[in-house]
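**Student:** Pasting a structure below so you can have a look.
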Amino acid sequence: MIYLLSVTIMMGTPLLFGALAEVIAERTGMMVTAIEGIFLMGAWAGFVGGYLSGSLTVGFLAAMLAGLLVAGLYGWICIYLNQHQVVTGVAINLLVVGLCSFLHRVIFGVPITPLTVNPLATIPIPLLSKIPLLGEILFNQNILTYIIYLLAPFSYFMLYRTSIGLTIRSAGENPEAVDVAGINVLKVRFLAVLLAGVMGGVAGAFYSIGFLGMFTTNIIGGRGWIAFAICFLGNWNPKGAVIGTLAFGFAEAIAIYMQSIGNSALFPNELFIALPYIMTIVLTISRKSFSVPAKLGVPYLKEN
Amino acid sequence: MGTAFFELRGISKYFAKVIANKDVSFSIQRGEVLALLGENGAGKSTIMKILYGLYKADEGELLKDGKEIKIDSPKEAMELGISMIQQHFSLVPAHTVTENIILGNVKGVIDYKLFREEIKRLAELYGFELNPNDYIRDLAVGVQQKVEILKALYQKTNLLIMDEPTAVLTPQEAENLMGFVRDFTAQGNSVIFITHKLKEVMSVADRIIVMRAGRVYGDIKRAETNELELSKLMIGRDLNWVTKDDRQESLDQEVRLEIQHVTVQEKTGVPALKDISLTLHKGEILGIAGVSGNGQQELCEIVCGAILPTKGRVLLDGEDITERKIRARIDLGIGYVPADRSSDGMIMDMSIAENMLLKSSYDKKWQKRGFIDKEKLNQYALQEIRDYSIKAPSPETIARGLSGGNQQKVVLAREVGNGEKVIVFDQPTRGLDLGAVNHIHQVILKERAKGKSVLLVSTELAEIFALSDRIAILYKGEIQGVFKSAELTTEKIGLLMAGFRKGEVSNHAG
């Protein structure tokens, strides 16, 4: 059980990175539908950077840059060229799949044995990790998990207690109000999307170099969309995102656990793998009240 | 008179070759109330948006205290002490009063407690009753306007621009607003308000700028002019207004439409309509007065079938039509001109002819071997274009390219055709210029003369008074009373619109 919860926290880390990125961006009115592509690009760039340099830090920096570029492309097309957010996102996701496999082939050819790097090590925090139960679950994780411990409350604080947060939230509710207040709506949205790109890139790299130590083109497998769904289920609030992430992380942990013990007697393992996806659908349709940003997905056009 | 506080010199603005403003020059002094008077589309809002930095002028210059200034964004305007309250408020409904006021005026971590107290003090200073913690979405429109004003005051505004500030207010609220304007300017501040209401201009303005077709046609002191002169300047010609004398008494007392004890429950639990009963006779215009958002839309939709009542019945010629679908009601002869033509009334990217067809597309009369008879449709549309003097080159013209007035005439033509018995008009002249308004009024009266029954919803009291045989007042989903139009005065109706009941009003207004 402790193992399961510990894995929950670990597997929840990238999801929460992605979900928080999505919350911040969607609060400005931008659905980052390219999140799946951002994850994948981050996973690939992280692996390439980490493998070629031998340093995971370089890997993560490369992942951030890659996420930034994909998000930049998405933001530019949606915000400045006024294209449809969903259509653009889908197009970019397809583009990234092709681009990653192509570039991977160009750089590494077709290796016979899979290329690997050593994934992030767990860093037990002195004293804290010795707390019975909790220590093992919460404080025997890798560095990214510790970062997300800080990032989650910070993003909540940022959204609800600072002027930047107020601007972000207003941009998604009524961009005219932001414009009239003398703030550039397009810039706010673009910066939020870029930030989402950086965070999404890190999330993607977690799968390649933070956990598996290798890269395949189906490594993300819809987890970007899960982060997207968590934002939705978490009611566009970092608190909700944390709760949603724990649920999905737990489902994923069960799937991993079942796979590892090879127990297929009671339930087919596929059921557990499918669980997060089923949960997304069930929770999505069973929700009653939403505080969806009023102008989510609506481009801001200034007549002039 | 010394140097002007702000001055505009030779400002021109073009939107893709269409002239929005041409060579506009005027000034405003400290402590002055300036009215910017003109019809819709005269360029009043555009010129003010230039002064507020939302638009960039193509030609001309701006001056403050005699020195040239550049205003490229609202931020720069605010730094110069200019604030503008847009016609459609730019408030965030999901946020609190405090959050709305400080948006764009804070840096870093927000100390909400401090701001709340500051705003409370400021509100008390001007006698506004406001709770800084209230959410905008829960506030009445009149209160929302106070938030907008407070936002401007919070920014230490010296020049307050208000775009059609009284359009959404009851007469009493408008009176309060004018009181504020007087107080505010008495402290040496200036106010520009954009309006097309002559009465307001005469009651509060010191000086009046009359605009027409993007140009200034008059710069007059209030004391030296009168309403007649202003209206001539504003319109540029004389109009034959429909007056009560043009109308005959409605003779027919036969009941056509009956609404019996109708209640509409919103999902939120608040009733949009509460136990409404109304009777509409043949050849009668029943005006529905009230501040917008008090159940007017629901009332219209009950009649045309877009929503079904939670309780109560709707009868047409004695037949219960409560459960009938929209299409059945169209066939029964109920026409509906919705308030928002662009979202509910027509499809902007379709042609005039196609828009004419919209609500009767299934009708056999348009069909030829199972396909739409284009020729017949175009012929019909052409006839309607002539009958309603719609300014469009052909039936194939795309609706989006028409002016608001002409778009409205297209909807009107279709619905008058559909509505053989009852026509519901929801704000039929909102946002139109006086010429179009006049035309639409003539149409409504003509249909009445044919014996059709008209339900006329309007927030413009002048319109209600000019056309209605009887007037019902809606407030928070309830009927405050039904009156013969001669029984009411503006003051009385204002109190009813603000929630006073029939009995109470006679005590107040007599």
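In the structure tokens, chains take the letters A, B, ... in the order shown, each chain's residues start at 1, and ligands count up from 1 in the order shown.
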Would you list which chain A residues are within 8 Å of chain B using only C-alpha atoms, as a VMD selection string?

**Tutor:** chain A and resid 161 to 164 166 to 167 170 173 to 174 176 to 183 304

**Student:** Go ahead and write the selection's residues with N, CA and C atoms as a compact mmCIF listing (two decimals), in the first residue's frame.

**Tutor:**
```txt
# COMPACT_ATOMS: atom_id res chain seq x y z
N ARG A 161 -3.95 35.72 -5.16
CA ARG A 161 -3.49 36.74 -4.22
C ARG A 161 -2.57 37.80 -4.84
N THR A 162 -2.29 37.68 -6.12
CA THR A 162 -1.39 38.67 -6.71
C THR A 162 -2.05 39.37 -7.89
N SER A 163 -1.46 40.48 -8.27
CA SER A 163 -2.01 41.25 -9.38
C SER A 163 -1.90 40.48 -10.69
N ILE A 164 -0.82 39.72 -10.83
CA ILE A 164 -0.68 38.91 -12.05
C ILE A 164 -1.83 37.92 -12.14
N LEU A 166 -4.78 38.15 -10.81
CA LEU A 166 -6.03 38.87 -11.08
C LEU A 166 -6.15 39.16 -12.57
N THR A 167 -5.03 39.58 -13.15
CA THR A 167 -5.03 39.86 -14.59
C THR A 167 -5.30 38.58 -15.38
N SER A 170 -8.91 37.61 -15.03
CA SER A 170 -9.80 38.53 -15.73
C SER A 170 -9.74 38.33 -17.25
N GLU A 173 -12.14 35.78 -18.26
CA GLU A 173 -13.54 36.05 -17.97
C GLU A 173 -14.09 37.17 -18.83
N ASN A 174 -13.33 38.23 -18.94
CA ASN A 174 -13.78 39.37 -19.75
C ASN A 174 -12.56 40.16 -20.23
N GLU A 176 -12.17 42.31 -22.44
CA GLU A 176 -12.38 43.74 -22.66
C GLU A 176 -12.02 44.53 -21.39
N ALA A 177 -12.38 43.96 -20.25
CA ALA A 177 -12.10 44.65 -18.99
C ALA A 177 -10.60 44.81 -18.80
N VAL A 178 -9.85 43.82 -19.20
CA VAL A 178 -8.40 43.86 -19.08
C VAL A 178 -7.84 44.90 -20.04
N ASP A 179 -8.37 44.90 -21.24
CA ASP A 179 -7.94 45.84 -22.26
C ASP A 179 -8.19 47.27 -21.80
N VAL A 180 -9.41 47.51 -21.32
CA VAL A 180 -9.79 48.85 -20.88
C VAL A 180 -8.95 49.29 -19.68
N ALA A 181 -8.48 48.32 -18.90
CA ALA A 181 -7.64 48.65 -17.75
C ALA A 181 -6.20 48.93 -18.20
N GLY A 182 -5.98 48.90 -19.49
CA GLY A 182 -4.68 49.28 -20.02
C GLY A 182 -3.67 48.15 -20.06
N ILE A 183 -4.16 46.91 -20.03
CA ILE A 183 -3.24 45.77 -20.09
C ILE A 183 -3.44 45.05 -21.42
N ASN A 304 -10.06 47.53 -34.76
CA ASN A 304 -9.31 48.76 -35.00
C ASN A 304 -8.50 48.60 -36.27
```

**Student:** Give the alpha helix (DSSP H) residues of segment 59-236 of chain A, as DSSP finds them on the backbone, and put them as a PyMOL selection string.

**Tutor:** chain A and resi 59-75+85-108+134-138+143-161+163-173+175-180+185-205+223-233

**Student:** Which neighbours of segment 452-460 of chain B fall inside 6 Å, counting only C-alpha atoms, when residues of the same chain fewer than 6 positions from it are skipped, and could you give them as a list in words?

**Tutor:**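 Counting only the stated atoms, we get Lys282, Gly283, Glu284, Ile285, Leu286, Gly287, Ile288, Ala289, Gly290, Val291, Lys421, Val422, Ile423, Val424, Phe425, Asp426 and Gln427 of chain B.
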
**Student:** Can you pull out every residue within 12 Å of segment 361-374 of chain B, counting only C-alpha atoms, but drop anything in the same chain fewer than 4 positions away, and send it as a list in words?

**Tutor:** Arg327, Ala328, Ile330, Asp331, Ser351, Ala353, Glu354, Asn355, Met356, Leu357, Asn378, Gln379, Tyr380, Ala381, Leu382, Pro395, Glu396, Arg414 and Asn418 of chain B

**Student:** Please identify the strand (DSSP E) residues within segment 174-407 of chain B (assignment by DSSP from backbone atoms) and present them as a PyMOL selection string.

**Tutor:** chain B and resi 190-195+207-212+215-221+255-265+271-281+285-289+311-316+319-320+334-337+367-368+371-372

**Student:** Could you list, as a PyMOL selection string, every residue within 12 Å of Ile307 of chain B, counting only C-alpha atoms and ignoring same-chain residues fewer than 2 positions away?

**Tutor:** chain B and resi 262-266+272-273+297-305+309-311+314+322-326

**Student:** Would you mind telling me which residue in A:Phe248, A:Leu301, A:Ile230, A:Ile148 lies nearest to Thr284 of chain A when using only C-alpha atoms?

**Tutor:**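 Among the listed residues, A:Ile230 lies closest to Thr284 of chain A.
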
**Student:** Can you list, as a ChimeraX atom specification, every protein, DNA or RNA residue that comes within 12 Å of Lys187 of chain A when you count only C-alpha atoms, leaving out same-chain residues fewer than 6 positions away?

**Tutor:** /A:28,30,72,75-76,79-80,167-168,171,175,178-179,193-194,300

**Student:** Quick one: write out the picked residues with C-alpha atoms as a tab-separated table (two decimals), in the first residue's frame?

**Tutor:**
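Contents of the output file selection.tsv:
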```
chain	number	residue	atom	x	y	z
A	28	THR	CA	-6.52	33.54	-19.50
A	30	MET	CA	-6.42	29.79	-23.78
A	72	GLY	CA	5.02	29.44	-28.91
A	75	GLY	CA	0.13	30.61	-29.17
A	76	TRP	CA	1.24	32.50	-32.22
A	79	ILE	CA	-3.58	34.37	-30.47
A	80	TYR	CA	-1.98	36.43	-33.18
A	167	THR	CA	-5.03	39.86	-14.59
A	168	ILE	CA	-4.83	36.22	-15.67
A	171	ALA	CA	-8.38	37.83	-19.19
A	175	PRO	CA	-10.78	40.38	-21.85
A	178	VAL	CA	-8.40	43.86	-19.08
A	179	ASP	CA	-7.94	45.84	-22.26
A	193	VAL	CA	0.74	29.82	-23.02
A	194	LEU	CA	4.55	30.02	-23.06
A	300	TYR	CA	-9.86	38.30	-28.42
```

**Student:** Could you check how far atom CA of Gly477 of chain B sits from atom CA of Asp275 of chain B, in Å to one decimal?

**Tutor:**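 The value is 8.4 Å.
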
**Student:** What does the distance between atom CA of Ile352 of chain B and atom CA of Arg386 of chain B come to in Å, to one decimal place?

**Tutor:**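 Spanning atom CA of Ile352 of chain B to atom CA of Arg386 of chain B is a straight-line distance of 12.6 Å.
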
**Student:** Can you list, as a list in words, every protein, DNA or RNA residue that comes within 8 Å of segment 387-390 of chain B when you count only C-alpha atoms, leaving out same-chain residues fewer than 4 positions away?

**Tutor:**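 The contact residues come out as Gln383, Asn406, Lys409, Val410 and Ala413 of chain B.
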
**Student:** For atom CA of Gly18 of chain A and atom CA of Phe108 of chain A, determine how far apart the two atoms are, in Å to one decimal place.

**Tutor:**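 Atom CA of Gly18 of chain A sits 28.1 Å away from atom CA of Phe108 of chain A.
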
**Student:** Restricting the calculation to only C-alpha atoms, which member of B:Gly335, B:Pro393, B:Gly451, B:Gly38 is positioned closest to Leu233 of chain B?

**Tutor:**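 Distance minimum relative to Leu233 of chain B lands on B:Gly38.
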
**Student:** Pick out the closest residue to Leu177 of chain B from this set: B:Arg329, B:His261, B:Lys146, B:Lys197. Count only C-alpha atoms.

**Tutor:**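 Among the listed residues, B:Lys146 lies closest to Leu177 of chain B.
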